[in-house]
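J.: My questions all concern the structure below.
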Amino acid sequence: MRNRIYLDHASTTDVNPDVLKTYKDLLDRYYVNSESLYDEGTEINRMMEKARGAIAGLLGISSEEVIFTSGSSEANSAAIKGVCLADMSKRHIVTTNIEHSSILNACRQMERVFGYDVAYVPVDSTGKVQIEDVKAALRPDTAIVSVMMVNNEVGSINPVGEIAEYVKKHSHAYMHCDLTQAVGKIPIDLTNIDLASISAHKLGGLKGSGILVRRRHVPLEPLINGGEQEGGLRGGTSNALVNLVMAKTLRLAMERMEEKQERTKMLQERLLAGLGKINGIVINSPVDAAPGFVNFSCLKMTSEVMQNELNRRGFMVSARSTCASRSLDPSYVLKAMGFSDERASACIRATFSHDNTEMEIDAFLSAVKEMVQKYG
C-alpha cells in the first residue's frame with residue numbers, strides 16, 4: 001500500500017502495533033484449549049477471564065455480561081434472534097431502516113422463517129431516528145428494539161440514550177444498540193442498554209473478534225450450540241488469544257479519545273470545506289456527523305466510476321457499507337434519508353482517523369476536483 005492513501009476506516013482499520021505485538025507474543029507461547037483442565041489450559045482460561053473483566057471495567061458492566069464473538073455481525077444476529085427465540089410469545093421487533101445489513105437481514109429472517117412482525121422506523125433527512133417514531137412503533141408484544149448509535153455510511157448519531165430510556169420506562173422490550181461505529185469516536189453510555197455489539201477490527205484490533213454485551217437479566221437463546229463456553233451462550237472452542245487482545249484493543253481505542261477525535265474532526269472540517277468549493281459536489285453526511293465521516297455525491301458520476309478512478313489515483317474509499325460494496329443499487333441509507341436514486345447512486349464514503357494527515361486530505365481534494373472537471 002506504499003504511496004496509497006487509506007480513507008476507509010469505517011470499513012476496517014490497520015491493527016494497532018501494540019495489539020499486534022501482544023498477539024504475536026501470545027501465539028509464540030500458547031496454543032492449548034482454554035477449556036483444558038491441565039495447568040496450561042487453566043492459565044489461558046484465567047487470562048481470558050481477566051481480559052473479560054478488563055473489558056467490563058472499560059464499559060461499566062459486570063464481567064459475566066461480556067460475551068466474546070467473532071465480531072459485530074455475529075453479535076447483532078445473536079442479539080436479535082437470541083432474544084426473540086428465548087420468548088416466542090412476543091412476536092414484534094422494532095428497528096430502523098438504516099441499520100447494518102446484519103441487523104436488517106436478521107429481522108427479515110425472523111419475518112420470513114418465524115412469522116414475526118418488524119417495524120422499520122424511518123429516519124429524517126439527516127439520517128437520524130426520531131424518538132416519536134420509535135414510540136409510535138412500540139407494541140405490547142415488542143420483544144426487542146434495535147437502534148444503531150452511529151450510522152456506518154453517513155455518520156449520523158442517533159439519540160440512543162433518549163430512546164433507551166423511553167423503551168425501558170414504557171415497554172417490556174429489550175434495548176439493543178449496535179456500537180460498531182461509535183466506540184472510540186464518541187462517548188458511550190450503556191445506561192438502559194440491554195444488549196450492545198462491538199467489533200475489534202473497527203478499533204485497531206483483529207478481524208474475527210468482537211463482543212456482545214448482554215445484561216444479566218436478558219434471556220438469550222444461543223445460536224451456536226456446543227459446550228459451556230461463554231456461559232453456555234456461544235458454543236465452540238474459544239478463540240482465546242484473540243479474545244485476550246480484545247481488552248487491549250478496546251483500552252487503546254478509548255484512551256485519549258477526546259484528543260484523537262479533536263484532530264479527526266479538524267480533518268473532517270478541512271475535507272468538508274474543500275468539497276464545498278467544488279461545483280457539482282453535494283454533502284450527504286449531517287453537519288454533526290461522528291468524527292471521521294464524510295459522505296458526498298457528484299451527481300454527474302456514479303459511485304462505481306468515481307471509486308474506480310480514485311482507486312487508480314491511489315485512494316482507498318468506499319461507496320457505501322463494505323458489506324454491500326459490490327452492489328450497484330443505490331445506497332439504501334441515502335434513499336431512507338429522502339435522497340434521489342441519482343444522488344444515492346453517486347455517493348462516496350470517505351472515513352479517516354487521527355492518523356491521517358492534512359496532506360492526504362488535500363491530495364484527495366485535488367483528485368476529486370480533477371475528476372469532476374474531467375468527467376462532470
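For the C-alpha cells, the naming scheme is as follows: chains receive sequential letters (A, B, ...) according to their order of presentation, residues are indexed from 1 within each chain, and ligands are indexed from 1 in presentation order.
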Each residue of range 227-246 of chain A with at least one atom at most 12 Å from range 24-28 of chain A should appear once, together with its nearest atom pair and the corresponding distance in Å (one decimal); atoms considered: only C-alpha atoms; ordering: chain, then increasing residue number; output as CSV.

T.:
```
residue,atom,partner,partner_atom,distance
A:Asn239,CA,A:Leu27,CA,11.5
A:Ala240,CA,A:Leu26,CA,9.9
A:Leu241,CA,A:Leu26,CA,6.6
A:Val242,CA,A:Leu26,CA,9.3
A:Asn243,CA,A:Leu26,CA,11.3
A:Leu244,CA,A:Leu26,CA,9.0
A:Val245,CA,A:Leu26,CA,9.2
```

J.: Just the selected residues (all heavy atoms), exported as a PDB file, in the first residue's frame, please.

T.:
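Saved as out_0.pdb:
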```
ATOM      1  N   ASN A 239     -11.678 -18.722  20.916  1.00  0.00           N
ATOM      2  CA  ASN A 239     -10.533 -18.123  20.224  1.00  0.00           C
ATOM      3  C   ASN A 239      -9.789 -17.281  21.263  1.00  0.00           C
ATOM      4  O   ASN A 239      -9.788 -16.050  21.218  1.00  0.00           O
ATOM      5  CB  ASN A 239     -11.031 -17.275  19.052  1.00  0.00           C
ATOM      6  CG  ASN A 239      -9.930 -16.943  18.070  1.00  0.00           C
ATOM      7  OD1 ASN A 239      -8.776 -17.291  18.275  1.00  0.00           O
ATOM      8  ND2 ASN A 239     -10.289 -16.261  16.999  1.00  0.00           N
ATOM      9  N   ALA A 240      -9.175 -17.987  22.211  1.00  0.00           N
ATOM     10  CA  ALA A 240      -8.729 -17.374  23.459  1.00  0.00           C
ATOM     11  C   ALA A 240      -7.746 -16.228  23.260  1.00  0.00           C
ATOM     12  O   ALA A 240      -7.869 -15.173  23.895  1.00  0.00           O
ATOM     13  CB  ALA A 240      -8.115 -18.443  24.360  1.00  0.00           C
ATOM     14  N   LEU A 241      -6.767 -16.397  22.385  1.00  0.00           N
ATOM     15  CA  LEU A 241      -5.742 -15.370  22.235  1.00  0.00           C
ATOM     16  C   LEU A 241      -6.308 -14.102  21.597  1.00  0.00           C
ATOM     17  O   LEU A 241      -5.933 -12.988  21.963  1.00  0.00           O
ATOM     18  CB  LEU A 241      -4.573 -15.910  21.415  1.00  0.00           C
ATOM     19  CG  LEU A 241      -3.935 -17.205  21.937  1.00  0.00           C
ATOM     20  CD1 LEU A 241      -2.686 -17.538  21.142  1.00  0.00           C
ATOM     21  CD2 LEU A 241      -3.626 -17.115  23.427  1.00  0.00           C
ATOM     22  N   VAL A 242      -7.223 -14.286  20.647  1.00  0.00           N
ATOM     23  CA  VAL A 242      -7.903 -13.138  20.045  1.00  0.00           C
ATOM     24  C   VAL A 242      -8.761 -12.435  21.099  1.00  0.00           C
ATOM     25  O   VAL A 242      -8.799 -11.202  21.172  1.00  0.00           O
ATOM     26  CB  VAL A 242      -8.761 -13.586  18.840  1.00  0.00           C
ATOM     27  CG1 VAL A 242      -9.708 -12.483  18.409  1.00  0.00           C
ATOM     28  CG2 VAL A 242      -7.869 -13.982  17.674  1.00  0.00           C
ATOM     29  N   ASN A 243      -9.437 -13.222  21.928  1.00  0.00           N
ATOM     30  CA  ASN A 243     -10.245 -12.637  22.995  1.00  0.00           C
ATOM     31  C   ASN A 243      -9.379 -11.869  23.989  1.00  0.00           C
ATOM     32  O   ASN A 243      -9.779 -10.817  24.500  1.00  0.00           O
ATOM     33  CB  ASN A 243     -11.027 -13.724  23.721  1.00  0.00           C
ATOM     34  CG  ASN A 243     -12.048 -14.411  22.833  1.00  0.00           C
ATOM     35  OD1 ASN A 243     -12.426 -13.880  21.786  1.00  0.00           O
ATOM     36  ND2 ASN A 243     -12.495 -15.586  23.227  1.00  0.00           N
ATOM     37  N   LEU A 244      -8.198 -12.414  24.264  1.00  0.00           N
ATOM     38  CA  LEU A 244      -7.293 -11.747  25.198  1.00  0.00           C
ATOM     39  C   LEU A 244      -6.926 -10.348  24.727  1.00  0.00           C
ATOM     40  O   LEU A 244      -6.935  -9.393  25.512  1.00  0.00           O
ATOM     41  CB  LEU A 244      -6.015 -12.575  25.368  1.00  0.00           C
ATOM     42  CG  LEU A 244      -6.071 -13.788  26.291  1.00  0.00           C
ATOM     43  CD1 LEU A 244      -4.765 -14.567  26.222  1.00  0.00           C
ATOM     44  CD2 LEU A 244      -6.342 -13.363  27.719  1.00  0.00           C
ATOM     45  N   VAL A 245      -6.587 -10.201  23.445  1.00  0.00           N
ATOM     46  CA  VAL A 245      -6.132  -8.886  22.975  1.00  0.00           C
ATOM     47  C   VAL A 245      -7.295  -7.940  22.713  1.00  0.00           C
ATOM     48  O   VAL A 245      -7.073  -6.750  22.468  1.00  0.00           O
ATOM     49  CB  VAL A 245      -5.231  -8.999  21.721  1.00  0.00           C
ATOM     50  CG1 VAL A 245      -3.961  -9.765  22.040  1.00  0.00           C
ATOM     51  CG2 VAL A 245      -5.965  -9.620  20.559  1.00  0.00           C
TER      52      VAL A 245
END
```

J.: For range 49-159 of chain A against range 251-259 of chain A, with a cut-off of 12 Å and counting only C-alpha atoms, what is the closest atom pair and its distance in Å to one decimal for every residue that makes the cut, ordered by chain and number, as a Markdown table?

T.:
```
| residue | atom | partner | partner_atom | distance |
| --- | --- | --- | --- | --- |
| A:Ala51 | CA | A:Arg251 | CA | 10.7 |
| A:Ala54 | CA | A:Arg251 | CA | 8.6 |
| A:Ile55 | CA | A:Arg251 | CA | 7.8 |
| A:Ala56 | CA | A:Arg251 | CA | 10.9 |
| A:Gly57 | CA | A:Arg251 | CA | 9.9 |
| A:Leu58 | CA | A:Arg251 | CA | 7.1 |
| A:Leu59 | CA | A:Arg251 | CA | 9.9 |
```

J.: Would you kindly return, as number ranges by chain, each protein, DNA or RNA residue with an atom no farther than 7 Å from any atom of Pro330 in chain A, considering only C-alpha atoms and excluding same-chain residues fewer than 3 positions away?

T.: A: 341, 344-345

J.: Within range 151-200 of chain A, find each residue whose DSSP state, derived from the backbone, is alpha helix (DSSP H), and express the selection as a list in words.

T.: Val160, Gly161, Glu162, Ile163, Ala164, Glu165, Tyr166, Val167, Lys168, Lys169 and His170 of chain A

J.: Could you pull the residues within 7 Å of Ser102 in chain A, counting only C-alpha atoms, minus those fewer than 3 positions along the same chain, as a list in words?

T.: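 In the requested form, the answer reads Ser73, Asn76, Ser77, Asn105 and Ala106 of chain A.
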
J.: Any chance you can output those residues with C-alpha atoms as a PDB file, in the first residue's frame?

T.:
```
ATOM      1  CA  SER A  73     -22.335  -9.200  12.665  1.00  0.00           C
ATOM      2  CA  ASN A  76     -26.092  -8.334  16.128  1.00  0.00           C
ATOM      3  CA  SER A  77     -27.591 -11.579  14.904  1.00  0.00           C
ATOM      4  CA  ASN A 105     -31.224  -9.457   7.420  1.00  0.00           C
ATOM      5  CA  ALA A 106     -31.682 -10.954  10.882  1.00  0.00           C
TER       6      ALA A 106
END
```

J.: For Leu212 in chain A, which residue out of A:Ile278, A:Ala78, A:Leu271, A:Val134 is the nearest one, using only C-alpha atoms?

T.: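 Answer, going by the shortest atom-to-atom distance: A:Ala78.
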
J.: Mind listing the strand (DSSP E or B) residues of range 1-206 of chain A, per DSSP on the backbone, as a PyMOL selection string?

T.: chain A and resi 5-6+8+66-69+92-96+117-121+123+129+142-146+150+157+174-178+195-199
